[in-house]
$ cat model02.cif   # mmCIF, C-alpha atoms
data_input
loop_
_atom_site.group_PDB
_atom_site.id
_atom_site.type_symbol
_atom_site.label_atom_id
_atom_site.label_comp_id
_atom_site.auth_asym_id
_atom_site.auth_seq_id
_atom_site.Cartn_x
_atom_site.Cartn_y
_atom_site.Cartn_z
ATOM 1 C CA MET O 1 64.176 109.010 130.894
ATOM 2 C CA HIS O 2 63.061 111.332 133.698
ATOM 3 C CA GLN O 3 66.221 113.508 133.522
ATOM 4 C CA TYR O 4 65.655 114.032 129.779
ATOM 5 C CA GLN O 5 62.097 115.168 130.447
ATOM 6 C CA VAL O 6 63.486 117.811 132.825
ATOM 7 C CA LEU O 7 65.992 118.849 130.144
ATOM 8 C CA GLY O 8 63.208 119.087 127.537
ATOM 9 C CA PHE O 9 61.082 121.105 129.946
ATOM 10 C CA ILE O 10 63.929 123.618 130.579
ATOM 11 C CA ALA O 11 64.648 123.862 126.829
ATOM 12 C CA ALA O 12 60.945 124.443 126.034
ATOM 13 C CA SER O 13 60.654 127.062 128.792
ATOM 14 C CA LEU O 14 63.705 128.960 127.519
ATOM 15 C CA THR O 15 62.604 129.066 123.858
ATOM 16 C CA THR O 16 59.009 129.946 124.830
ATOM 17 C CA PHE O 17 59.727 132.590 127.468
ATOM 18 C CA SER O 18 62.544 134.142 125.394
ATOM 19 C CA PHE O 19 59.701 136.039 123.681
ATOM 20 C CA VAL O 20 58.850 137.810 126.972
ATOM 21 C CA PRO O 21 61.698 140.393 126.737
ATOM 22 C CA GLN O 22 61.031 140.857 122.981
ATOM 23 C CA SER O 23 57.320 141.395 123.561
ATOM 24 C CA ILE O 24 57.915 143.848 126.453
ATOM 25 C CA LYS O 25 60.535 145.760 124.426
ATOM 26 C CA THR O 26 58.306 146.021 121.327
ATOM 27 C CA ILE O 27 55.165 147.029 123.279
ATOM 28 C CA ARG O 28 57.145 149.616 125.279
ATOM 29 C CA THR O 29 59.175 151.203 122.461
ATOM 30 C CA LYS O 30 56.832 150.438 119.506
ATOM 31 C CA ASN O 31 60.101 150.136 117.560
ATOM 32 C CA THR O 32 59.903 147.234 115.077
ATOM 33 C CA GLU O 33 62.565 148.513 112.665
ATOM 34 C CA GLY O 34 65.031 145.609 112.808
ATOM 35 C CA ILE O 35 62.257 142.992 113.072
ATOM 36 C CA SER O 36 61.305 140.925 110.010
ATOM 37 C CA LEU O 37 57.580 140.977 109.157
ATOM 38 C CA TRP O 38 57.870 137.652 107.320
ATOM 39 C CA MET O 39 59.535 135.984 110.306
ATOM 40 C CA TYR O 40 56.580 136.847 112.541
ATOM 41 C CA ILE O 41 53.995 135.871 109.895
ATOM 42 C CA PHE O 42 55.574 132.420 109.344
ATOM 43 C CA PHE O 43 56.300 131.967 113.055
ATOM 44 C CA THR O 44 52.725 132.809 114.129
ATOM 45 C CA VAL O 45 51.174 130.515 111.503
ATOM 46 C CA GLY O 46 53.606 127.794 112.653
ATOM 47 C CA LEU O 47 52.588 128.296 116.302
ATOM 48 C CA PHE O 48 48.885 127.949 115.423
ATOM 49 C CA LEU O 49 49.649 124.710 113.532
ATOM 50 C CA TRP O 50 51.624 123.459 116.580
ATOM 51 C CA GLU O 51 48.612 124.338 118.735
ATOM 52 C CA TYR O 52 46.318 122.351 116.427
ATOM 53 C CA TYR O 53 48.814 119.457 116.445
ATOM 54 C CA GLY O 54 48.945 119.563 120.260
ATOM 55 C CA ILE O 55 45.134 119.522 120.524
ATOM 56 C CA CYS O 56 44.762 116.685 117.975
ATOM 57 C CA THR O 57 47.383 114.519 119.705
ATOM 58 C CA LEU O 58 46.371 115.701 123.212
ATOM 59 C CA GLN O 59 49.880 116.737 124.258
ATOM 60 C CA TRP O 60 49.452 119.256 127.051
ATOM 61 C CA PRO O 61 53.050 120.579 127.094
ATOM 62 C CA ILE O 62 52.662 121.524 123.390
ATOM 63 C CA ILE O 63 49.169 123.005 123.950
ATOM 64 C CA ILE O 64 50.233 125.166 126.920
ATOM 65 C CA SER O 65 53.641 126.326 125.627
ATOM 66 C CA ASN O 66 52.102 127.344 122.289
ATOM 67 C CA ILE O 67 49.252 129.306 123.904
ATOM 68 C CA ILE O 68 51.882 131.241 125.915
ATOM 69 C CA CYS O 69 54.063 131.787 122.829
ATOM 70 C CA ILE O 70 51.104 132.934 120.672
ATOM 71 C CA THR O 71 50.085 135.418 123.400
ATOM 72 C CA LEU O 72 53.631 136.852 123.413
ATOM 73 C CA VAL O 73 54.089 136.938 119.637
ATOM 74 C CA ILE O 74 50.713 138.428 118.550
ATOM 75 C CA PRO O 75 51.452 141.970 119.907
ATOM 76 C CA ILE O 76 54.829 141.984 118.099
ATOM 77 C CA LEU O 77 53.209 140.914 114.815
ATOM 78 C CA TYR O 78 50.402 143.469 115.266
ATOM 79 C CA LEU O 79 52.816 146.371 115.888
ATOM 80 C CA LYS O 80 55.064 145.276 113.008
ATOM 81 C CA ILE O 81 52.093 145.208 110.584
ATOM 82 C CA LYS O 82 50.849 148.574 111.927
ATOM 83 C CA ASN O 83 54.301 150.185 111.517
ATOM 84 C CA SER O 84 54.756 148.678 108.041
ATOM 85 C CA PHE O 85 51.438 150.182 106.901
ATOM 86 C CA GLN O 86 52.358 153.597 108.312
ATOM 87 C CA ILE O 87 55.709 153.541 106.479
ATOM 88 C CA SER O 88 54.080 152.543 103.169
ATOM 89 C CA LYS O 89 51.447 155.297 103.653
ATOM 90 C CA ASN O 90 54.060 158.059 104.141
ATOM 91 C CA MET J 1 48.631 109.124 113.210
ATOM 92 C CA HIS J 2 50.364 109.715 109.864
ATOM 93 C CA GLN J 3 48.377 112.901 109.059
ATOM 94 C CA TYR J 4 49.386 114.375 112.430
ATOM 95 C CA GLN J 5 53.049 113.683 111.685
ATOM 96 C CA VAL J 6 52.665 115.672 108.445
ATOM 97 C CA LEU J 7 51.000 118.490 110.422
ATOM 98 C CA GLY J 8 53.825 118.446 112.990
ATOM 99 C CA PHE J 9 56.403 118.481 110.196
ATOM 100 C CA ILE J 10 54.777 121.538 108.534
ATOM 101 C CA ALA J 11 54.494 123.324 111.909
ATOM 102 C CA ALA J 12 58.162 122.584 112.742
ATOM 103 C CA SER J 13 59.289 123.746 109.277
ATOM 104 C CA LEU J 14 57.365 127.041 109.601
ATOM 105 C CA THR J 15 58.693 127.929 113.071
ATOM 106 C CA THR J 16 62.254 126.879 112.127
ATOM 107 C CA PHE J 17 62.457 128.508 108.688
ATOM 108 C CA SER J 18 60.681 131.681 109.885
ATOM 109 C CA PHE J 19 64.164 132.723 111.052
ATOM 110 C CA VAL J 20 65.432 132.740 107.432
ATOM 111 C CA PRO J 21 63.880 136.174 106.545
ATOM 112 C CA GLN J 22 64.955 137.583 109.957
ATOM 113 C CA SER J 23 68.511 136.322 109.520
ATOM 114 C CA ILE J 24 68.747 137.654 105.921
ATOM 115 C CA LYS J 25 67.299 141.037 106.964
ATOM 116 C CA THR J 26 69.652 141.403 109.943
ATOM 117 C CA ILE J 27 72.772 140.324 108.012
ATOM 118 C CA ARG J 28 71.885 142.643 105.099
ATOM 119 C CA THR J 29 70.875 145.778 107.049
ATOM 120 C CA LYS J 30 72.936 145.182 110.251
ATOM 121 C CA ASN J 31 69.961 146.921 111.946
ATOM 122 C CA THR J 32 69.163 145.228 115.271
ATOM 123 C CA GLU J 33 67.437 148.221 116.896
ATOM 124 C CA GLY J 34 64.001 146.697 117.559
ATOM 125 C CA ILE J 35 65.451 143.282 118.413
ATOM 126 C CA SER J 36 65.729 142.188 122.054
ATOM 127 C CA LEU J 37 69.204 141.009 123.119
ATOM 128 C CA TRP J 38 67.711 138.926 125.966
ATOM 129 C CA MET J 39 65.302 137.177 123.618
ATOM 130 C CA TYR J 40 68.170 135.956 121.451
ATOM 131 C CA ILE J 41 70.327 134.972 124.452
ATOM 132 C CA PHE J 42 67.537 132.874 126.033
ATOM 133 C CA PHE J 43 66.406 131.518 122.653
ATOM 134 C CA THR J 44 69.936 130.420 121.630
ATOM 135 C CA VAL J 45 70.607 128.737 124.994
ATOM 136 C CA GLY J 46 67.204 127.018 124.666
ATOM 137 C CA LEU J 47 68.057 125.781 121.162
ATOM 138 C CA PHE J 48 71.364 124.288 122.387
ATOM 139 C CA LEU J 49 69.492 122.500 125.205
ATOM 140 C CA TRP J 50 66.956 121.196 122.615
ATOM 141 C CA GLU J 51 69.901 119.990 120.527
ATOM 142 C CA TYR J 52 71.378 118.157 123.544
ATOM 143 C CA TYR J 53 67.915 116.713 124.336
ATOM 144 C CA GLY J 54 67.545 115.535 120.715
ATOM 145 C CA ILE J 55 71.001 113.882 120.779
ATOM 146 C CA CYS J 56 70.366 112.203 124.163
ATOM 147 C CA THR J 57 66.973 110.834 123.090
ATOM 148 C CA LEU J 58 68.114 110.222 119.479
ATOM 149 C CA GLN J 59 65.265 112.150 117.871
ATOM 150 C CA TRP J 60 66.468 113.163 114.429
ATOM 151 C CA PRO J 61 63.721 115.740 113.662
ATOM 152 C CA ILE J 62 64.732 117.646 116.837
ATOM 153 C CA ILE J 63 68.466 117.294 116.067
ATOM 154 C CA ILE J 64 68.140 118.540 112.469
ATOM 155 C CA SER J 65 65.604 121.362 113.015
ATOM 156 C CA ASN J 66 67.670 122.738 115.917
ATOM 157 C CA ILE J 67 70.937 122.676 113.942
ATOM 158 C CA ILE J 68 69.176 124.702 111.212
ATOM 159 C CA CYS J 69 67.647 127.113 113.727
ATOM 160 C CA ILE J 70 70.966 127.611 115.589
ATOM 161 C CA THR J 71 72.689 128.375 112.255
ATOM 162 C CA LEU J 72 70.048 131.026 111.482
ATOM 163 C CA VAL J 73 69.945 132.586 114.955
ATOM 164 C CA ILE J 74 73.694 132.843 115.718
ATOM 165 C CA PRO J 75 74.361 135.687 113.170
ATOM 166 C CA ILE J 76 71.424 137.687 114.612
ATOM 167 C CA LEU J 77 72.719 137.249 118.183
ATOM 168 C CA TYR J 78 76.279 138.105 117.080
ATOM 169 C CA LEU J 79 75.195 141.344 115.331
ATOM 170 C CA LYS J 80 72.927 142.312 118.240
ATOM 171 C CA ILE J 81 75.796 141.880 120.759
ATOM 172 C CA LYS J 82 78.184 143.765 118.442
ATOM 173 C CA ASN J 83 75.720 146.681 118.016
ATOM 174 C CA SER J 84 74.950 146.770 121.750
ATOM 175 C CA PHE J 85 78.680 147.087 122.559
ATOM 176 C CA GLN J 86 79.123 149.870 119.999
ATOM 177 C CA ILE J 87 76.185 151.809 121.493
ATOM 178 C CA SER J 88 77.517 151.436 125.040
ATOM 179 C CA LYS J 89 81.012 152.532 123.855
ATOM 180 C CA ASN J 90 79.693 155.762 122.247
#
$ encode --input "model02.cif" --output "structure tokens"
Amino acid sequence: MHQYQVLGFIAASLTTFSFVPQSIKTIRTKNTEGISLWMYIFFTVGLFLWEYYGICTLQWPIIISNIICITLVIPILYLKIKNSFQISKN
Amino acid sequence: MHQYQVLGFIAASLTTFSFVPQSIKTIRTKNTEGISLWMYIFFTVGLFLWEYYGICTLQWPIIISNIICITLVIPILYLKIKNSFQISKN
């Protein structure tokens, strides 16, 4: 089973940390044109539910990976909402 | 434990199906400007590793949710690569 745990750990790291380049790009360029607002709304709500699930079932890998992912995703969602409001204002 | 399984199921559905609006938006507009190529490369590789992990450990929720997510993410990655090549050509 140990080898599968390593595999799961690598898979979780890749899907979690994949949001690092997206977060850096969005914060740097402030360009959220091709990004879907609804994706980031659903995704963020989903991450918070995962976090709650992880806390309730005391699964540390879920708790930690979701805290990291929420931290990376929140700035993207914030900038997307901000840009969407500016577009609808103009 | 049953209520936590429902919570986990809702959380998994939200994070998986959040890629539906992104996939529809990207396929419709072909605009991948604000999207990070590296995010989708790492994310897709991570999803395939999750899929392999799910098959090895025979966990059907992981197998099914990752097949859905891969199906949604592949068109975004394809269009992002295509657009990146066109930009570097011009």
$ resolve_selection --input "model02.cif" --expression "the PyMOL selection byres ((chain O) within 9 of (chain J))" --output "PyMOL selection string"
chain O and resi 1+4-5+7-8+10-23+25-26+29-50+52-54+56-57
$ write_last_selection --input "model02.cif" --atoms "C-alpha atoms" --output "compact mmCIF listing (two decimals), keeping the file's coordinate frame"
# COMPACT_ATOMS: atom_id res chain seq x y z
CA MET O 1 64.18 109.01 130.89
CA TYR O 4 65.66 114.03 129.78
CA GLN O 5 62.10 115.17 130.45
CA LEU O 7 65.99 118.85 130.14
CA GLY O 8 63.21 119.09 127.54
CA ILE O 10 63.93 123.62 130.58
CA ALA O 11 64.65 123.86 126.83
CA ALA O 12 60.94 124.44 126.03
CA SER O 13 60.65 127.06 128.79
CA LEU O 14 63.70 128.96 127.52
CA THR O 15 62.60 129.07 123.86
CA THR O 16 59.01 129.95 124.83
CA PHE O 17 59.73 132.59 127.47
CA SER O 18 62.54 134.14 125.39
CA PHE O 19 59.70 136.04 123.68
CA VAL O 20 58.85 137.81 126.97
CA PRO O 21 61.70 140.39 126.74
CA GLN O 22 61.03 140.86 122.98
CA SER O 23 57.32 141.40 123.56
CA LYS O 25 60.54 145.76 124.43
CA THR O 26 58.31 146.02 121.33
CA THR O 29 59.18 151.20 122.46
CA LYS O 30 56.83 150.44 119.51
CA ASN O 31 60.10 150.14 117.56
CA THR O 32 59.90 147.23 115.08
CA GLU O 33 62.56 148.51 112.66
CA GLY O 34 65.03 145.61 112.81
CA ILE O 35 62.26 142.99 113.07
CA SER O 36 61.30 140.93 110.01
CA LEU O 37 57.58 140.98 109.16
CA TRP O 38 57.87 137.65 107.32
CA MET O 39 59.54 135.98 110.31
CA TYR O 40 56.58 136.85 112.54
CA ILE O 41 54.00 135.87 109.90
CA PHE O 42 55.57 132.42 109.34
CA PHE O 43 56.30 131.97 113.06
CA THR O 44 52.72 132.81 114.13
CA VAL O 45 51.17 130.51 111.50
CA GLY O 46 53.61 127.79 112.65
CA LEU O 47 52.59 128.30 116.30
CA PHE O 48 48.88 127.95 115.42
CA LEU O 49 49.65 124.71 113.53
CA TRP O 50 51.62 123.46 116.58
CA TYR O 52 46.32 122.35 116.43
CA TYR O 53 48.81 119.46 116.44
CA GLY O 54 48.94 119.56 120.26
CA CYS O 56 44.76 116.68 117.98
CA THR O 57 47.38 114.52 119.70
$ atom_distance --input "model02.cif" --atom1 "CA of Leu79 in chain O" --atom2 "CA of Ile62 in chain O"
26.0 Å
$ axis_aligned_box --input "model02.cif" --around "range 34-44 of chain O" --padding-each-side "8 Å" --output "JSON"
{"center_x": 58.9, "center_y": 138.8, "center_z": 110.7, "size_x": 28.3, "size_y": 29.6, "size_z": 22.8}
$ atom_distance --input "model02.cif" --atom1 "CA of Asn66 in chain J" --atom2 "CA of Asn83 in chain J"
25.3 Å
$ atom_distance --input "model02.cif" --atom1 "CA of His2 in chain O" --atom2 "CA of Gln59 in chain O"
17.1 Å
$ build_atoms --input "model02.cif" --residues "range 12-26 of chain O" --atoms "N, CA, C and O atoms" --output "PDB file, in the frame of the given file"
ATOM      1  N   ALA O  12      62.222 123.897 126.510  1.00  0.00           N
ATOM      2  CA  ALA O  12      60.945 124.443 126.034  1.00  0.00           C
ATOM      3  C   ALA O  12      60.629 125.763 126.724  1.00  0.00           C
ATOM      4  O   ALA O  12      60.164 126.712 126.091  1.00  0.00           O
ATOM      5  N   SER O  13      60.911 125.831 128.038  1.00  0.00           N
ATOM      6  CA  SER O  13      60.654 127.062 128.792  1.00  0.00           C
ATOM      7  C   SER O  13      61.509 128.202 128.258  1.00  0.00           C
ATOM      8  O   SER O  13      61.031 129.332 128.084  1.00  0.00           O
ATOM      9  N   LEU O  14      62.789 127.912 127.999  1.00  0.00           N
ATOM     10  CA  LEU O  14      63.705 128.960 127.519  1.00  0.00           C
ATOM     11  C   LEU O  14      63.274 129.497 126.156  1.00  0.00           C
ATOM     12  O   LEU O  14      63.212 130.712 125.957  1.00  0.00           O
ATOM     13  N   THR O  15      62.974 128.594 125.201  1.00  0.00           N
ATOM     14  CA  THR O  15      62.604 129.066 123.858  1.00  0.00           C
ATOM     15  C   THR O  15      61.238 129.764 123.877  1.00  0.00           C
ATOM     16  O   THR O  15      61.023 130.719 123.146  1.00  0.00           O
ATOM     17  N   THR O  16      60.327 129.310 124.745  1.00  0.00           N
ATOM     18  CA  THR O  16      59.009 129.946 124.830  1.00  0.00           C
ATOM     19  C   THR O  16      59.102 131.319 125.496  1.00  0.00           C
ATOM     20  O   THR O  16      58.670 132.332 124.933  1.00  0.00           O
ATOM     21  N   PHE O  17      59.708 131.348 126.697  1.00  0.00           N
ATOM     22  CA  PHE O  17      59.727 132.590 127.468  1.00  0.00           C
ATOM     23  C   PHE O  17      60.765 133.603 126.962  1.00  0.00           C
ATOM     24  O   PHE O  17      60.803 134.731 127.438  1.00  0.00           O
ATOM     25  N   SER O  18      61.603 133.185 126.002  1.00  0.00           N
ATOM     26  CA  SER O  18      62.544 134.142 125.394  1.00  0.00           C
ATOM     27  C   SER O  18      61.774 135.268 124.704  1.00  0.00           C
ATOM     28  O   SER O  18      62.308 136.365 124.519  1.00  0.00           O
ATOM     29  N   PHE O  19      60.496 135.000 124.345  1.00  0.00           N
ATOM     30  CA  PHE O  19      59.701 136.039 123.681  1.00  0.00           C
ATOM     31  C   PHE O  19      59.142 137.069 124.661  1.00  0.00           C
ATOM     32  O   PHE O  19      58.603 138.084 124.230  1.00  0.00           O
ATOM     33  N   VAL O  20      59.300 136.818 125.977  1.00  0.00           N
ATOM     34  CA  VAL O  20      58.850 137.810 126.972  1.00  0.00           C
ATOM     35  C   VAL O  20      59.616 139.125 126.823  1.00  0.00           C
ATOM     36  O   VAL O  20      58.999 140.181 126.631  1.00  0.00           O
ATOM     37  N   PRO O  21      60.984 139.105 126.877  1.00  0.00           N
ATOM     38  CA  PRO O  21      61.698 140.393 126.737  1.00  0.00           C
ATOM     39  C   PRO O  21      61.449 141.073 125.390  1.00  0.00           C
ATOM     40  O   PRO O  21      61.382 142.296 125.318  1.00  0.00           O
ATOM     41  N   GLN O  22      61.295 140.259 124.303  1.00  0.00           N
ATOM     42  CA  GLN O  22      61.031 140.857 122.981  1.00  0.00           C
ATOM     43  C   GLN O  22      59.671 141.535 122.969  1.00  0.00           C
ATOM     44  O   GLN O  22      59.516 142.649 122.467  1.00  0.00           O
ATOM     45  N   SER O  23      58.676 140.858 123.537  1.00  0.00           N
ATOM     46  CA  SER O  23      57.320 141.395 123.561  1.00  0.00           C
ATOM     47  C   SER O  23      57.267 142.679 124.396  1.00  0.00           C
ATOM     48  O   SER O  23      56.682 143.678 123.963  1.00  0.00           O
ATOM     49  N   ILE O  24      57.890 142.662 125.572  1.00  0.00           N
ATOM     50  CA  ILE O  24      57.915 143.848 126.453  1.00  0.00           C
ATOM     51  C   ILE O  24      58.594 145.010 125.728  1.00  0.00           C
ATOM     52  O   ILE O  24      58.086 146.126 125.694  1.00  0.00           O
ATOM     53  N   LYS O  25      59.774 144.713 125.132  1.00  0.00           N
ATOM     54  CA  LYS O  25      60.535 145.760 124.426  1.00  0.00           C
ATOM     55  C   LYS O  25      59.708 146.381 123.300  1.00  0.00           C
ATOM     56  O   LYS O  25      59.665 147.605 123.144  1.00  0.00           O
ATOM     57  N   THR O  26      59.056 145.530 122.489  1.00  0.00           N
ATOM     58  CA  THR O  26      58.306 146.021 121.327  1.00  0.00           C
ATOM     59  C   THR O  26      57.078 146.819 121.763  1.00  0.00           C
ATOM     60  O   THR O  26      56.783 147.868 121.195  1.00  0.00           O
TER      61      THR O  26
END
